[in-house]
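*Asks:* This one is run-v2.pdb, PDB, C-alpha atoms.
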ATOM      1  CA  MET A   1       0.000   0.000   0.000
ATOM      2  CA  THR A   2       1.377   3.407  -0.948
ATOM      3  CA  THR A   3       1.776   6.309   1.464
ATOM      4  CA  GLU A   4      -1.124   8.067  -0.274
ATOM      5  CA  GLN A   5      -3.374   5.032   0.123
ATOM      6  CA  THR A   6      -2.402   4.703   3.797
ATOM      7  CA  HIS A   7      -3.245   8.357   4.369
ATOM      8  CA  SER A   8      -6.571   7.948   2.562
ATOM      9  CA  GLU A   9      -7.520   4.940   4.701
ATOM     10  CA  ARG A  10      -6.565   6.787   7.883
ATOM     11  CA  MET A  11      -8.688   9.786   6.896
ATOM     12  CA  LYS A  12     -11.675   7.541   6.074
ATOM     13  CA  ALA A  13     -11.397   5.902   9.499
ATOM     14  CA  LEU A  14     -11.243   9.288  11.227
ATOM     15  CA  GLN A  15     -14.269  10.521   9.267
ATOM     16  CA  ALA A  16     -16.242   7.414  10.186
ATOM     17  CA  GLU A  17     -15.335   7.868  13.858
ATOM     18  CA  GLN A  18     -16.365  11.530  13.757
ATOM     19  CA  LYS A  19     -19.689  10.700  12.052
ATOM     20  CA  LYS A  20     -20.399   8.107  14.734
ATOM     21  CA  LYS A  21     -19.712  10.614  17.536
ATOM     22  CA  THR A  22     -21.866  13.226  15.807
ATOM     23  CA  SER A  23     -24.754  10.802  15.368
ATOM     24  CA  GLU A  24     -24.586   9.869  19.069
ATOM     25  CA  ALA A  25     -24.464  13.481  20.295
ATOM     26  CA  ARG A  26     -27.704  14.867  21.717
ATOM     27  CA  ASP A  27     -29.306  18.266  21.842
ATOM     28  CA  PRO A  28     -29.373  19.305  25.529
ATOM     29  CA  GLY A  29     -32.653  21.171  25.097
ATOM     30  CA  ARG A  30     -31.183  24.246  26.794
ATOM     31  CA  GLY A  31     -28.599  26.923  26.276
ATOM     32  CA  LEU A  32     -24.993  26.208  27.184
ATOM     33  CA  GLY A  33     -22.697  27.784  29.769
ATOM     34  CA  LEU A  34     -19.271  28.778  28.445
ATOM     35  CA  VAL A  35     -16.306  30.127  30.420
ATOM     36  CA  HIS A  36     -13.439  31.969  28.716
ATOM     37  CA  THR A  37     -10.564  32.351  31.160
ATOM     38  CA  GLY A  38      -6.765  32.256  31.436
ATOM     39  CA  ASN A  39      -3.944  34.786  31.495
ATOM     40  CA  GLY A  40      -3.682  35.171  27.725
ATOM     41  CA  LYS A  41      -5.491  37.692  25.544
ATOM     42  CA  GLY A  42      -8.576  36.687  23.620
ATOM     43  CA  LYS A  43     -11.209  35.917  26.250
ATOM     44  CA  SER A  44     -13.580  38.752  25.400
ATOM     45  CA  SER A  45     -12.506  38.728  21.748
ATOM     46  CA  SER A  46     -13.576  35.092  21.499
ATOM     47  CA  ALA A  47     -16.930  35.932  23.085
ATOM     48  CA  PHE A  48     -17.440  38.716  20.542
ATOM     49  CA  GLY A  49     -16.730  36.182  17.804
ATOM     50  CA  VAL A  50     -19.502  33.957  19.166
ATOM     51  CA  ILE A  51     -21.797  36.997  19.175
ATOM     52  CA  ILE A  52     -21.106  37.471  15.465
ATOM     53  CA  ARG A  53     -21.994  33.831  14.890
ATOM     54  CA  ALA A  54     -25.284  34.288  16.788
ATOM     55  CA  LEU A  55     -26.106  37.431  14.817
ATOM     56  CA  GLY A  56     -25.538  35.491  11.615
ATOM     57  CA  TRP A  57     -28.445  33.281  12.708
ATOM     58  CA  LYS A  58     -30.571  36.350  13.534
ATOM     59  CA  GLN A  59     -30.396  35.559  17.230
ATOM     60  CA  LYS A  60     -30.909  38.072  20.043
ATOM     61  CA  VAL A  61     -27.835  38.900  22.157
ATOM     62  CA  GLY A  62     -27.319  40.698  25.461
ATOM     63  CA  ILE A  63     -23.976  41.999  26.723
ATOM     64  CA  VAL A  64     -23.279  43.112  30.295
ATOM     65  CA  GLN A  65     -19.817  44.551  30.948
ATOM     66  CA  PHE A  66     -18.600  44.367  34.533
ATOM     67  CA  ILE A  67     -15.548  46.576  33.986
ATOM     68  CA  LYS A  68     -15.967  49.888  32.250
ATOM     69  CA  GLY A  69     -13.182  50.619  29.799
ATOM     70  CA  LYS A  70     -11.932  54.201  29.656
ATOM     71  CA  TRP A  71     -11.734  54.209  25.869
ATOM     72  CA  ILE A  72     -14.067  53.724  22.955
ATOM     73  CA  THR A  73     -13.746  50.177  21.636
ATOM     74  CA  GLY A  74     -14.110  48.912  18.106
ATOM     75  CA  GLU A  75     -16.387  46.079  19.192
ATOM     76  CA  LYS A  76     -18.906  48.388  20.854
ATOM     77  CA  GLN A  77     -18.938  50.692  17.825
ATOM     78  CA  PHE A  78     -19.486  47.679  15.558
ATOM     79  CA  PHE A  79     -22.272  46.069  17.569
ATOM     80  CA  MET A  80     -24.135  49.375  17.828
ATOM     81  CA  ASN A  81     -24.955  48.747  14.154
ATOM     82  CA  PHE A  82     -27.130  45.832  15.343
ATOM     83  CA  LYS A  83     -29.352  47.594  17.867
ATOM     84  CA  ASP A  84     -32.324  45.418  16.929
ATOM     85  CA  GLN A  85     -30.372  42.293  17.861
ATOM     86  CA  VAL A  86     -27.881  43.474  20.505
ATOM     87  CA  ASP A  87     -28.542  44.982  23.946
ATOM     88  CA  TRP A  88     -25.254  46.378  25.296
ATOM     89  CA  HIS A  89     -24.962  47.420  28.938
ATOM     90  CA  THR A  90     -21.865  48.820  30.599
ATOM     91  CA  MET A  91     -23.317  49.022  34.050
ATOM     92  CA  GLY A  92     -23.185  52.352  35.817
ATOM     93  CA  GLU A  93     -19.572  53.206  36.413
ATOM     94  CA  GLY A  94     -18.642  49.605  36.029
ATOM     95  CA  PHE A  95     -16.093  48.633  38.625
ATOM     96  CA  THR A  96     -12.702  50.084  37.871
ATOM     97  CA  TRP A  97      -9.155  49.402  38.944
ATOM     98  CA  ASP A  98      -8.727  52.791  40.566
ATOM     99  CA  THR A  99     -11.866  53.561  42.590
ATOM    100  CA  GLN A 100     -10.180  52.475  45.849
ATOM    101  CA  ASP A 101     -13.741  52.099  47.139
ATOM    102  CA  ARG A 102     -14.673  48.467  47.741
ATOM    103  CA  GLU A 103     -18.286  49.153  48.689
ATOM    104  CA  ARG A 104     -18.813  51.160  45.520
ATOM    105  CA  ASP A 105     -17.277  48.390  43.432
ATOM    106  CA  ILE A 106     -19.458  45.752  45.105
ATOM    107  CA  ALA A 107     -22.578  47.853  44.476
ATOM    108  CA  ALA A 108     -21.641  48.296  40.799
ATOM    109  CA  ALA A 109     -20.968  44.559  40.351
ATOM    110  CA  GLU A 110     -24.220  43.606  42.070
ATOM    111  CA  SER A 111     -26.150  46.058  39.899
ATOM    112  CA  ALA A 112     -24.557  44.580  36.785
ATOM    113  CA  PHE A 113     -25.379  41.033  37.852
ATOM    114  CA  SER A 114     -28.967  41.996  38.679
ATOM    115  CA  LYS A 115     -29.302  43.314  35.121
ATOM    116  CA  ALA A 116     -27.715  40.123  33.792
ATOM    117  CA  CYS A 117     -30.163  37.943  35.743
ATOM    118  CA  SER A 118     -33.119  39.876  34.359
ATOM    119  CA  MET A 119     -31.821  39.347  30.829
ATOM    120  CA  MET A 120     -31.015  35.659  31.347
ATOM    121  CA  GLN A 121     -34.400  34.871  32.890
ATOM    122  CA  SER A 122     -36.501  36.892  30.451
ATOM    123  CA  GLY A 123     -36.517  34.327  27.654
ATOM    124  CA  ASP A 124     -35.792  37.135  25.187
ATOM    125  CA  TYR A 125     -32.147  36.293  24.501
ATOM    126  CA  ASP A 126     -30.399  33.444  22.739
ATOM    127  CA  LEU A 127     -27.014  34.526  24.113
ATOM    128  CA  VAL A 128     -25.938  36.673  27.058
ATOM    129  CA  VAL A 129     -22.281  37.623  27.525
ATOM    130  CA  LEU A 130     -21.111  38.532  31.034
ATOM    131  CA  ASP A 131     -17.891  40.282  30.104
ATOM    132  CA  GLU A 132     -15.193  40.250  32.818
ATOM    133  CA  ILE A 133     -17.534  38.838  35.465
ATOM    134  CA  ASN A 134     -14.706  36.537  36.572
ATOM    135  CA  ILE A 135     -12.800  39.608  37.760
ATOM    136  CA  ALA A 136     -15.729  40.618  39.966
ATOM    137  CA  LEU A 137     -15.770  37.070  41.364
ATOM    138  CA  ARG A 138     -12.005  37.064  41.895
ATOM    139  CA  TYR A 139     -12.281  40.124  44.156
ATOM    140  CA  ASP A 140     -15.360  38.730  45.936
ATOM    141  CA  TYR A 141     -17.528  41.558  44.651
ATOM    142  CA  LEU A 142     -20.068  38.866  43.807
ATOM    143  CA  ASP A 143     -20.933  35.654  45.636
ATOM    144  CA  ILE A 144     -20.074  32.594  43.532
ATOM    145  CA  GLN A 145     -23.133  30.626  44.647
ATOM    146  CA  ALA A 146     -25.403  33.552  43.794
ATOM    147  CA  VAL A 147     -23.881  33.658  40.316
ATOM    148  CA  ILE A 148     -24.351  29.923  39.788
ATOM    149  CA  ASP A 149     -27.930  30.162  41.068
ATOM    150  CA  GLY A 150     -28.542  32.987  38.590
ATOM    151  CA  LEU A 151     -27.160  30.860  35.770
ATOM    152  CA  LYS A 152     -29.334  27.915  36.778
ATOM    153  CA  ALA A 153     -32.433  30.125  36.784
ATOM    154  CA  ARG A 154     -31.929  31.322  33.212
ATOM    155  CA  SER A 155     -34.308  30.569  30.378
ATOM    156  CA  ASP A 156     -33.711  27.287  28.556
ATOM    157  CA  ARG A 157     -33.383  29.392  25.410
ATOM    158  CA  THR A 158     -30.340  31.282  26.698
ATOM    159  CA  SER A 159     -26.667  30.406  26.426
ATOM    160  CA  VAL A 160     -24.219  32.410  28.557
ATOM    161  CA  ILE A 161     -20.535  33.258  28.127
ATOM    162  CA  LEU A 162     -18.594  34.384  31.207
ATOM    163  CA  THR A 163     -15.210  35.978  30.550
ATOM    164  CA  GLY A 164     -12.207  37.026  32.608
ATOM    165  CA  ARG A 165      -9.070  35.510  34.053
ATOM    166  CA  ASP A 166      -9.028  33.392  37.216
ATOM    167  CA  ALA A 167     -12.441  31.774  36.759
ATOM    168  CA  ARG A 168     -13.588  30.183  39.996
ATOM    169  CA  PRO A 169     -13.403  26.354  40.124
ATOM    170  CA  GLU A 170     -17.102  26.157  41.014
ATOM    171  CA  LEU A 171     -17.962  28.058  37.851
ATOM    172  CA  CYS A 172     -15.752  25.827  35.722
ATOM    173  CA  ASP A 173     -17.404  22.751  37.232
ATOM    174  CA  TYR A 174     -20.840  24.130  36.345
ATOM    175  CA  ALA A 175     -20.004  25.199  32.785
ATOM    176  CA  ASP A 176     -20.469  23.054  29.687
ATOM    177  CA  LEU A 177     -17.337  24.459  28.059
ATOM    178  CA  VAL A 178     -14.225  25.984  29.623
ATOM    179  CA  SER A 179     -11.514  27.490  27.423
ATOM    180  CA  GLU A 180      -8.273  28.785  28.880
ATOM    181  CA  MET A 181      -6.248  31.342  26.937
ATOM    182  CA  THR A 182      -2.510  30.907  27.532
ATOM    183  CA  GLU A 183      -0.123  33.790  27.023
ATOM    184  CA  VAL A 184       2.963  32.825  25.051
ATOM    185  CA  LYS A 185       4.087  36.292  23.998
ATOM    186  CA  HIS A 186       2.629  39.771  24.477
ATOM    187  CA  PRO A 187       3.606  43.008  22.687
ATOM    188  CA  PHE A 188       3.138  45.104  25.849
ATOM    189  CA  LYS A 189       6.102  43.314  27.400
ATOM    190  CA  ALA A 190       8.158  44.561  24.473
ATOM    191  CA  GLY A 191       7.011  48.116  25.172
ATOM    192  CA  ILE A 192       4.330  48.212  22.457
ATOM    193  CA  LYS A 193       1.184  50.079  23.463
ATOM    194  CA  ALA A 194      -2.346  48.805  22.797
ATOM    195  CA  GLN A 195      -3.302  49.066  19.134
ATOM    196  CA  ARG A 196      -6.630  50.298  17.782
ATOM    197  CA  GLY A 197      -8.373  47.502  15.890
ATOM    198  CA  ILE A 198      -6.247  44.821  17.571
ATOM    199  CA  ASP A 199      -6.573  45.459  21.312
ATOM    200  CA  PHE A 200      -9.620  47.714  21.462
TER     201      PHE A 200
END
So that I can check it, write out the structure of this file as structure tokens.

*Replies:*
Amino acid sequence: MTTEQTHSERMKALQAEQKKKTSEARDPGRGLGLVHTGNGKGKSSSAFGVIIRALGWKQKVGIVQFIKGKWITGEKQFFMNFKDQVDWHTMGEGFTWDTQDRERDIAAAESAFSKACSMMQSGDYDLVVLDEINIALRYDYLDIQAVIDGLKARSDRTSVILTGRDARPELCDYADLVSEMTEVKHPFKAGIKAQRGIDF
């Protein structure tokens, strides 16, 4: 048997195995829970990519940002072109790195999560993104069990993506999918500032 024939047989076997797995997979009858975490870049960017996929299917999307950026971002400007399909909420002040006011940060995080729960439970959304909620959990601005309870109470229609580094183990255990972004190299460490269209 030639190398080409061997390769062809191997590919046929892999295809057959994949078809078998696909045929055995089931529809869960509910939205999924996805966690994007890790120290590398790309957690929110990946979530925005999933949003684009949902919009391609004419689905309704909600976004709640738990940290307010100080600059205008390309993604927000882009998604504002889809106001009929996208509800974007940067809650109040958001919680910021420099407030130095824990109670204020807790209040902002709780307000954001209350909004998120209303969206998740409404049955109006196919996808809700809780951007940087893991940071609020890391600093104990939100109670992890309250967050999991909120996720469990969501509409069966609604999938949720939770982003941010240092995702809590309890959240990872609950989620259907957990992806960890690993930093290999970062331009900031070489003294390169954030770039419009790449970083924001």

*Asks:* Taking into account only C-alpha atoms, which residue in the set A:Ile192, A:Leu34, A:Ala107, A:Val86 is nearest to Glu180 of chain A?

*Replies:*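 Smallest distance to Glu180 of chain A is found for A:Leu34.
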
*Asks:* Can you build me a table of segment 121-151 of chain A residues sitting at most 10 Å from segment 47-54 of chain A, with the closest atom pair per residue and its distance in Å to one decimal, using all atoms listed in the file, sorted by chain and residue number, as a tab-separated table?

*Replies:*
residue	atom	partner	partner_atom	distance
A:Asp126	CA	A:Ala54	CA	7.9
A:Leu127	CA	A:Ala54	CA	7.5
A:Val128	CA	A:Ile51	CA	8.9
A:Val129	CA	A:Ala47	CA	7.2
A:Leu130	CA	A:Ala47	CA	9.4
A:Asp131	CA	A:Ala47	CA	8.3

*Asks:* Just the selected residues (C-alpha atoms), exported as a PDB file, keeping the file's coordinate frame, please.

*Replies:*
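What ended up in selection.pdb:
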ATOM      1  CA  ASP A 126     -30.399  33.444  22.739  1.00  0.00           C
ATOM      2  CA  LEU A 127     -27.014  34.526  24.113  1.00  0.00           C
ATOM      3  CA  VAL A 128     -25.938  36.673  27.058  1.00  0.00           C
ATOM      4  CA  VAL A 129     -22.281  37.623  27.525  1.00  0.00           C
ATOM      5  CA  LEU A 130     -21.111  38.532  31.034  1.00  0.00           C
ATOM      6  CA  ASP A 131     -17.891  40.282  30.104  1.00  0.00           C
TER       7      ASP A 131
END

*Asks:* Given all atoms listed in the file as the basis, pick out the residue of A:Gly31, A:Pro169, A:Gly150, A:Gly197 nearest to Ser118 of chain A.

*Replies:* A:Gly150

*Asks:* Kindly give the distance, in Å, that separates atom CA of Lys152 of chain A and atom CA of Lys21 of chain A, rounded to a single decimal.

*Replies:*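 Result for atom CA of Lys152 of chain A versus atom CA of Lys21 of chain A: 27.6 Å, one decimal.
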
*Asks:* Excluding segment 143-148 of chain A and residues on its chain fewer than 2 positions from it, collect all residues at most 10 Å away from it, counting all atoms listed in the file, and give them as a PDB file with C-alpha atoms, keeping the file's coordinate frame.

*Replies:*
ATOM      1  CA  GLU A 110     -24.220  43.606  42.070  1.00  0.00           C
ATOM      2  CA  PHE A 113     -25.379  41.033  37.852  1.00  0.00           C
ATOM      3  CA  SER A 114     -28.967  41.996  38.679  1.00  0.00           C
ATOM      4  CA  ALA A 116     -27.715  40.123  33.792  1.00  0.00           C
ATOM      5  CA  CYS A 117     -30.163  37.943  35.743  1.00  0.00           C
ATOM      6  CA  ILE A 133     -17.534  38.838  35.465  1.00  0.00           C
ATOM      7  CA  ASN A 134     -14.706  36.537  36.572  1.00  0.00           C
ATOM      8  CA  ALA A 136     -15.729  40.618  39.966  1.00  0.00           C
ATOM      9  CA  LEU A 137     -15.770  37.070  41.364  1.00  0.00           C
ATOM     10  CA  ARG A 138     -12.005  37.064  41.895  1.00  0.00           C
ATOM     11  CA  TYR A 139     -12.281  40.124  44.156  1.00  0.00           C
ATOM     12  CA  ASP A 140     -15.360  38.730  45.936  1.00  0.00           C
ATOM     13  CA  TYR A 141     -17.528  41.558  44.651  1.00  0.00           C
ATOM     14  CA  GLY A 150     -28.542  32.987  38.590  1.00  0.00           C
ATOM     15  CA  LEU A 151     -27.160  30.860  35.770  1.00  0.00           C
ATOM     16  CA  LYS A 152     -29.334  27.915  36.778  1.00  0.00           C
ATOM     17  CA  ALA A 153     -32.433  30.125  36.784  1.00  0.00           C
ATOM     18  CA  ARG A 168     -13.588  30.183  39.996  1.00  0.00           C
ATOM     19  CA  PRO A 169     -13.403  26.354  40.124  1.00  0.00           C
ATOM     20  CA  GLU A 170     -17.102  26.157  41.014  1.00  0.00           C
ATOM     21  CA  LEU A 171     -17.962  28.058  37.851  1.00  0.00           C
ATOM     22  CA  TYR A 174     -20.840  24.130  36.345  1.00  0.00           C
ATOM     23  CA  ALA A 175     -20.004  25.199  32.785  1.00  0.00           C
TER      24      ALA A 175
END

*Asks:* Go through A:Arg196, A:Lys19, A:Gly123, A:Glu183 one by one, measure the shortest atom-to-atom distance of each to Lys41 of chain A using only C-alpha atoms, and give the residue with the smallest value.

*Replies:*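 Of A:Arg196, A:Lys19, A:Gly123, A:Glu183, the one nearest Lys41 of chain A, counting only C-alpha atoms, is A:Glu183.
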
*Asks:* Restricting the calculation to all atoms listed in the file, which member of A:Gln121, A:Thr22, A:Thr3, A:Ser44 is positioned closest to Ser155 of chain A?

*Replies:*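 Closest residue, counting all atoms listed in the file: A:Gln121.
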
*Asks:* What residues come out when you apply the PyMOL selection byres ((chain A and resi 112) around 8) to this file, written as a PyMOL selection string?

*Replies:* chain A and resi 64-66+90-92+94+108-111+113-116

*Asks:* Point out the residue among A:Tyr125, A:Phe200, A:Asp105, A:Leu177 with the least atom-to-atom distance to Phe78 of chain A, counting only C-alpha atoms.

*Replies:*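 Distance minimum relative to Phe78 of chain A lands on A:Phe200.
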
*Asks:* Any idea what the distance is between atom CA of Pro28 of chain A and atom CA of Gln59 of chain A?

*Replies:*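 About the pair atom CA of Pro28 of chain A and atom CA of Gln59 of chain A: they are 18.3 Å apart.
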
*Asks:* Determine the nearest neighbour of Met120 of chain A from the options A:Ala25, A:Cys172, A:Ile198, A:Leu32, counting all atoms listed in the file.

*Replies:* A:Leu32

*Asks:* Please indicate the distance in Å from atom CA of Ala194 of chain A to atom CA of Gln77 of chain A, rounded to one decimal place.

*Replies:* 17.4 Å

*Asks:* Mind giving me the axis-aligned box for segment 188-193 of chain A with 6 Å on every side, centre plus edges in Å to one decimal, as lines of an AutoDock Vina configuration file?

*Replies:*
center_x = 4.7
center_y = 46.7
center_z = 24.9
size_x = 19.0
size_y = 18.8
size_z = 16.9

*Asks:* What residues come out when you apply the PyMOL selection byres ((chain A and resi 162) around 6) to this file, written as a list in words?

*Replies:*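 What the PyMOL selection byres ((chain A and resi 162) around 6) grabs from the file is Val35, Leu130, Ile161 and Thr163 of chain A.
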
*Asks:* Just give me the residues with any atom within 8 Å of (-5.3, 38.1, 33.9), file coordinates, counting all atoms listed in the file, written as an MDAnalysis selection string.

*Replies:* chainID A and resid 38:40 164:166

*Asks:* Please rebuild segment 146-157 of chain A with all heavy atoms and give the result as an mmCIF file, keeping the file's coordinate frame.

*Replies:*
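Writing done, so here's selection_13.cif:
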data_model
loop_
_atom_site.group_PDB
_atom_site.id
_atom_site.type_symbol
_atom_site.label_atom_id
_atom_site.label_comp_id
_atom_site.auth_asym_id
_atom_site.auth_seq_id
_atom_site.Cartn_x
_atom_site.Cartn_y
_atom_site.Cartn_z
ATOM 1 N N ALA A 146 -24.340 32.714 44.360
ATOM 2 C CA ALA A 146 -25.403 33.552 43.794
ATOM 3 C C ALA A 146 -25.298 33.602 42.273
ATOM 4 O O ALA A 146 -26.309 33.585 41.567
ATOM 5 C CB ALA A 146 -25.335 34.956 44.383
ATOM 6 N N VAL A 147 -24.069 33.644 41.764
ATOM 7 C CA VAL A 147 -23.881 33.658 40.316
ATOM 8 C C VAL A 147 -24.331 32.334 39.703
ATOM 9 O O VAL A 147 -25.045 32.314 38.692
ATOM 10 C CB VAL A 147 -22.404 33.963 39.969
ATOM 11 C CG1 VAL A 147 -22.134 33.734 38.480
ATOM 12 C CG2 VAL A 147 -22.070 35.402 40.348
ATOM 13 N N ILE A 148 -23.939 31.232 40.311
ATOM 14 C CA ILE A 148 -24.351 29.923 39.788
ATOM 15 C C ILE A 148 -25.868 29.762 39.866
ATOM 16 O O ILE A 148 -26.499 29.266 38.922
ATOM 17 C CB ILE A 148 -23.618 28.794 40.530
ATOM 18 C CG1 ILE A 148 -22.129 28.814 40.141
ATOM 19 C CG2 ILE A 148 -24.235 27.429 40.199
ATOM 20 C CD1 ILE A 148 -21.265 27.869 40.917
ATOM 21 N N ASP A 149 -26.465 30.226 40.952
ATOM 22 C CA ASP A 149 -27.930 30.162 41.068
ATOM 23 C C ASP A 149 -28.589 30.991 39.963
ATOM 24 O O ASP A 149 -29.610 30.587 39.387
ATOM 25 C CB ASP A 149 -28.390 30.666 42.439
ATOM 26 C CG ASP A 149 -28.038 29.695 43.562
ATOM 27 O OD1 ASP A 149 -27.700 28.527 43.268
ATOM 28 O OD2 ASP A 149 -28.081 30.129 44.742
ATOM 29 N N GLY A 150 -28.013 32.154 39.668
ATOM 30 C CA GLY A 150 -28.542 32.987 38.590
ATOM 31 C C GLY A 150 -28.447 32.303 37.241
ATOM 32 O O GLY A 150 -29.364 32.391 36.415
ATOM 33 N N LEU A 151 -27.330 31.601 37.019
ATOM 34 C CA LEU A 151 -27.160 30.860 35.770
ATOM 35 C C LEU A 151 -28.170 29.714 35.675
ATOM 36 O O LEU A 151 -28.751 29.472 34.616
ATOM 37 C CB LEU A 151 -25.734 30.311 35.674
ATOM 38 C CG LEU A 151 -24.624 31.351 35.529
ATOM 39 C CD1 LEU A 151 -23.264 30.685 35.699
ATOM 40 C CD2 LEU A 151 -24.710 32.054 34.184
ATOM 41 N N LYS A 152 -28.387 29.032 36.776
ATOM 42 C CA LYS A 152 -29.334 27.915 36.778
ATOM 43 C C LYS A 152 -30.770 28.378 36.537
ATOM 44 O O LYS A 152 -31.587 27.623 36.007
ATOM 45 C CB LYS A 152 -29.259 27.167 38.116
ATOM 46 C CG LYS A 152 -27.998 26.347 38.295
ATOM 47 C CD LYS A 152 -27.982 25.648 39.640
ATOM 48 C CE LYS A 152 -26.761 24.758 39.804
ATOM 49 N NZ LYS A 152 -26.723 24.112 41.147
ATOM 50 N N ALA A 153 -31.069 29.611 36.916
ATOM 51 C CA ALA A 153 -32.433 30.125 36.784
ATOM 52 C C ALA A 153 -32.705 30.720 35.406
ATOM 53 O O ALA A 153 -33.816 31.175 35.143
ATOM 54 C CB ALA A 153 -32.685 31.188 37.858
ATOM 55 N N ARG A 154 -31.730 30.690 34.513
ATOM 56 C CA ARG A 154 -31.929 31.322 33.212
ATOM 57 C C ARG A 154 -32.907 30.525 32.341
ATOM 58 O O ARG A 154 -33.145 29.343 32.580
ATOM 59 C CB ARG A 154 -30.597 31.485 32.485
ATOM 60 C CG ARG A 154 -29.986 30.214 31.926
ATOM 61 C CD ARG A 154 -28.602 30.509 31.325
ATOM 62 N NE ARG A 154 -28.042 29.382 30.612
ATOM 63 C CZ ARG A 154 -27.367 28.392 31.164
ATOM 64 N NH1 ARG A 154 -27.155 28.390 32.489
ATOM 65 N NH2 ARG A 154 -26.889 27.396 30.428
ATOM 66 N N SER A 155 -33.425 31.201 31.349
ATOM 67 C CA SER A 155 -34.308 30.569 30.378
ATOM 68 C C SER A 155 -33.573 29.444 29.651
ATOM 69 O O SER A 155 -32.379 29.547 29.373
ATOM 70 C CB SER A 155 -34.775 31.613 29.363
ATOM 71 O OG SER A 155 -35.385 31.008 28.252
ATOM 72 N N ASP A 156 -34.314 28.379 29.329
ATOM 73 C CA ASP A 156 -33.711 27.287 28.556
ATOM 74 C C ASP A 156 -33.211 27.762 27.195
ATOM 75 O O ASP A 156 -32.330 27.140 26.605
ATOM 76 C CB ASP A 156 -34.725 26.156 28.356
ATOM 77 C CG ASP A 156 -34.938 25.337 29.606
ATOM 78 O OD1 ASP A 156 -34.089 25.406 30.522
ATOM 79 O OD2 ASP A 156 -35.965 24.634 29.687
ATOM 80 N N ARG A 157 -33.781 28.857 26.717
ATOM 81 C CA ARG A 157 -33.383 29.392 25.410
ATOM 82 C C ARG A 157 -31.964 29.973 25.428
ATOM 83 O O ARG A 157 -31.301 30.040 24.387
ATOM 84 C CB ARG A 157 -34.375 30.489 25.014
ATOM 85 C CG ARG A 157 -33.960 31.306 23.800
ATOM 86 C CD ARG A 157 -34.937 32.441 23.533
ATOM 87 N NE ARG A 157 -34.488 33.307 22.455
ATOM 88 C CZ ARG A 157 -35.133 34.374 22.043
ATOM 89 N NH1 ARG A 157 -36.276 34.723 22.617
ATOM 90 N NH2 ARG A 157 -34.645 35.118 21.065
#
